[in-house]
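Chemist: Right, I'll just put the structure down here and ask away after.
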Amino acid sequence: MRRRTVRAQGGFSLLEVIVAMSIMAISLGALYQSGGGALRGALEAGARTRATTLALALLDGQWSVPPTGLQDGGNVGGMTWHLVSTPFQPGPAVGEKGWALHRIEVSVSWDEGRRNLKLASLLPERRSSPDSGQQAGH
């Protein structure tokens, strides 16, 4: 009778391959998730920057407020905005002789209303000029 000799073969066992594939799958899942989170963060930052720029432009476009106040709104580039003013009542230290002020607030929303941004400022009320009721030359 002949004896067979068993030689050790090189390579990986099935268990080792399964463990390596599992580690690789978990690692790739974490990598994809962090990459997706970074992309979502970058998109959100871009949308917030556009909303802030729009709100600042709307505030910057107003120098004064008519005595009746302001109320406006619209849509620009997938963003909805509202501009509203209300009379501002200063404390007693300001006195009666100061300018009448209005609090103007701009609200910008996007992502179907799930995200929003609000900015506010104080603006003087428009005064009519003293000679606006008089004709020139009289």
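Naming scheme: A, B, ... for chains in displayed order of the structure tokens; residues 1 onward per chain; ligands 1 onward as shown.
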Give the helix (DSSP H, G or I) residues of chain A, as DSSP finds them on the backbone, and put them as a PyMOL selection string.
Modeler: chain A and resi 14-60
Chemist: For C-alpha atoms, I'd like the residues from the last selection saved as a PDB file, in the first residue's frame.
Modeler:
ATOM      1  CA  LEU A  14     -13.829  30.295   3.126  1.00  0.00           C
ATOM      2  CA  LEU A  15     -14.213  31.730   6.624  1.00  0.00           C
ATOM      3  CA  GLU A  16     -11.315  34.147   6.093  1.00  0.00           C
ATOM      4  CA  VAL A  17     -12.791  35.347   2.798  1.00  0.00           C
ATOM      5  CA  ILE A  18     -16.226  35.920   4.400  1.00  0.00           C
ATOM      6  CA  VAL A  19     -14.698  37.901   7.281  1.00  0.00           C
ATOM      7  CA  ALA A  20     -12.624  40.033   4.872  1.00  0.00           C
ATOM      8  CA  MET A  21     -15.679  40.739   2.689  1.00  0.00           C
ATOM      9  CA  SER A  22     -17.716  41.727   5.760  1.00  0.00           C
ATOM     10  CA  ILE A  23     -15.051  44.161   6.949  1.00  0.00           C
ATOM     11  CA  MET A  24     -14.796  45.638   3.457  1.00  0.00           C
ATOM     12  CA  ALA A  25     -18.606  46.031   3.206  1.00  0.00           C
ATOM     13  CA  ILE A  26     -18.810  47.806   6.563  1.00  0.00           C
ATOM     14  CA  SER A  27     -15.907  50.091   5.633  1.00  0.00           C
ATOM     15  CA  LEU A  28     -17.411  50.992   2.253  1.00  0.00           C
ATOM     16  CA  GLY A  29     -20.808  51.644   3.862  1.00  0.00           C
ATOM     17  CA  ALA A  30     -19.246  54.059   6.342  1.00  0.00           C
ATOM     18  CA  LEU A  31     -17.280  55.748   3.561  1.00  0.00           C
ATOM     19  CA  TYR A  32     -20.362  56.214   1.376  1.00  0.00           C
ATOM     20  CA  GLN A  33     -22.365  57.529   4.306  1.00  0.00           C
ATOM     21  CA  SER A  34     -19.729  60.086   5.276  1.00  0.00           C
ATOM     22  CA  GLY A  35     -19.356  61.170   1.641  1.00  0.00           C
ATOM     23  CA  GLY A  36     -23.133  61.555   1.327  1.00  0.00           C
ATOM     24  CA  GLY A  37     -23.265  63.537   4.566  1.00  0.00           C
ATOM     25  CA  ALA A  38     -20.547  65.862   3.324  1.00  0.00           C
ATOM     26  CA  LEU A  39     -22.439  66.404   0.067  1.00  0.00           C
ATOM     27  CA  ARG A  40     -25.692  67.116   1.916  1.00  0.00           C
ATOM     28  CA  GLY A  41     -23.839  69.561   4.167  1.00  0.00           C
ATOM     29  CA  ALA A  42     -22.309  71.354   1.196  1.00  0.00           C
ATOM     30  CA  LEU A  43     -25.692  71.626  -0.547  1.00  0.00           C
ATOM     31  CA  GLU A  44     -27.335  72.953   2.631  1.00  0.00           C
ATOM     32  CA  ALA A  45     -24.547  75.496   3.111  1.00  0.00           C
ATOM     33  CA  GLY A  46     -24.984  76.669  -0.492  1.00  0.00           C
ATOM     34  CA  ALA A  47     -28.756  77.056  -0.055  1.00  0.00           C
ATOM     35  CA  ARG A  48     -28.303  78.937   3.234  1.00  0.00           C
ATOM     36  CA  THR A  49     -25.776  81.262   1.570  1.00  0.00           C
ATOM     37  CA  ARG A  50     -28.220  82.008  -1.275  1.00  0.00           C
ATOM     38  CA  ALA A  51     -31.015  82.653   1.251  1.00  0.00           C
ATOM     39  CA  THR A  52     -28.809  84.997   3.278  1.00  0.00           C
ATOM     40  CA  THR A  53     -27.731  86.864   0.147  1.00  0.00           C
ATOM     41  CA  LEU A  54     -31.369  87.255  -0.935  1.00  0.00           C
ATOM     42  CA  ALA A  55     -32.454  88.498   2.506  1.00  0.00           C
ATOM     43  CA  LEU A  56     -29.562  90.975   2.697  1.00  0.00           C
ATOM     44  CA  ALA A  57     -30.315  92.256  -0.806  1.00  0.00           C
ATOM     45  CA  LEU A  58     -33.973  92.797   0.126  1.00  0.00           C
ATOM     46  CA  LEU A  59     -33.002  94.673   3.294  1.00  0.00           C
ATOM     47  CA  ASP A  60     -30.363  96.684   1.456  1.00  0.00           C
TER      48      ASP A  60
END
Chemist: Using only C-alpha atoms, find the one residue out of A:Leu70, A:Val65, A:Val76, A:Val106 that sits nearest to A:Ser128.
Modeler: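 The shortest atom-to-atom distance to A:Ser128 comes from A:Val65.
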Chemist: What separation in Å, quoted to one decimal, exists between atom CA of A:Val108 and atom CA of A:Arg127?
Modeler: 28.9 Å
Chemist: Which is closest to A:Glu125 among A:Gly113, A:Gly98, A:Pro67, A:Gly74, if we use only C-alpha atoms?
Modeler: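 Ranked by minimum distance to A:Glu125, first place goes to A:Pro67.
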Chemist: By how many Å are atom CA of A:Ile104 and atom CA of A:Asn75 apart?
Modeler: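 We find that atom CA of A:Ile104 and atom CA of A:Asn75 lie 18.6 Å from each other.
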Chemist: At a cut-off of 7 Å, using only C-alpha atoms, what residues contact A:Ser121? Leave out same-chain residues fewer than 2 positions from it and give the result as a PyMOL selection string.
Modeler: chain A and resi 103-105+123
Chemist: Write down as an NGL selection string the residues belonging to chain A that are assigned strand (DSSP E) by DSSP computed on the backbone.
Modeler: :A and (71-76 or 79-88 or 101-110 or 115-124)
Chemist: Using C-alpha atoms, can you export the residues from the last selection as a PDB file, in the first residue's frame?
Modeler:
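And here's again.pdb as it stands now:
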ATOM      1  CA  GLN A  71     -45.528  94.225   3.031  1.00  0.00           C
ATOM      2  CA  ASP A  72     -44.202  92.313   0.026  1.00  0.00           C
ATOM      3  CA  GLY A  73     -43.238  88.829  -1.055  1.00  0.00           C
ATOM      4  CA  GLY A  74     -42.265  86.647  -3.958  1.00  0.00           C
ATOM      5  CA  ASN A  75     -40.356  83.642  -5.266  1.00  0.00           C
ATOM      6  CA  VAL A  76     -36.790  83.665  -6.558  1.00  0.00           C
ATOM      7  CA  MET A  79     -36.897  80.404  -2.499  1.00  0.00           C
ATOM      8  CA  THR A  80     -39.974  82.136  -1.121  1.00  0.00           C
ATOM      9  CA  TRP A  81     -39.506  85.478   0.619  1.00  0.00           C
ATOM     10  CA  HIS A  82     -41.693  87.815   2.673  1.00  0.00           C
ATOM     11  CA  LEU A  83     -40.877  91.355   3.761  1.00  0.00           C
ATOM     12  CA  VAL A  84     -42.974  92.947   6.528  1.00  0.00           C
ATOM     13  CA  SER A  85     -42.554  96.110   8.561  1.00  0.00           C
ATOM     14  CA  THR A  86     -44.124  97.094  11.850  1.00  0.00           C
ATOM     15  CA  PRO A  87     -43.819 100.397  13.735  1.00  0.00           C
ATOM     16  CA  PHE A  88     -41.059 100.256  16.332  1.00  0.00           C
ATOM     17  CA  LEU A 101     -38.725 103.840  13.141  1.00  0.00           C
ATOM     18  CA  HIS A 102     -40.055 100.648  11.610  1.00  0.00           C
ATOM     19  CA  ARG A 103     -38.798  97.147  12.293  1.00  0.00           C
ATOM     20  CA  ILE A 104     -38.423  95.472   8.920  1.00  0.00           C
ATOM     21  CA  GLU A 105     -38.174  91.681   8.800  1.00  0.00           C
ATOM     22  CA  VAL A 106     -37.284  89.513   5.823  1.00  0.00           C
ATOM     23  CA  SER A 107     -38.132  85.823   5.956  1.00  0.00           C
ATOM     24  CA  VAL A 108     -36.755  83.455   3.301  1.00  0.00           C
ATOM     25  CA  SER A 109     -37.806  79.795   3.102  1.00  0.00           C
ATOM     26  CA  TRP A 110     -36.661  76.971   0.828  1.00  0.00           C
ATOM     27  CA  ARG A 115     -35.826  75.445   6.004  1.00  0.00           C
ATOM     28  CA  ASN A 116     -36.036  79.161   6.687  1.00  0.00           C
ATOM     29  CA  LEU A 117     -34.002  82.208   7.586  1.00  0.00           C
ATOM     30  CA  LYS A 118     -35.083  85.514   9.122  1.00  0.00           C
ATOM     31  CA  LEU A 119     -33.221  88.821   9.221  1.00  0.00           C
ATOM     32  CA  ALA A 120     -34.464  92.065  10.763  1.00  0.00           C
ATOM     33  CA  SER A 121     -33.394  95.689  10.882  1.00  0.00           C
ATOM     34  CA  LEU A 122     -34.681  99.117  11.884  1.00  0.00           C
ATOM     35  CA  LEU A 123     -35.354 101.734   9.213  1.00  0.00           C
ATOM     36  CA  PRO A 124     -36.616 105.315   9.462  1.00  0.00           C
TER      37      PRO A 124
END
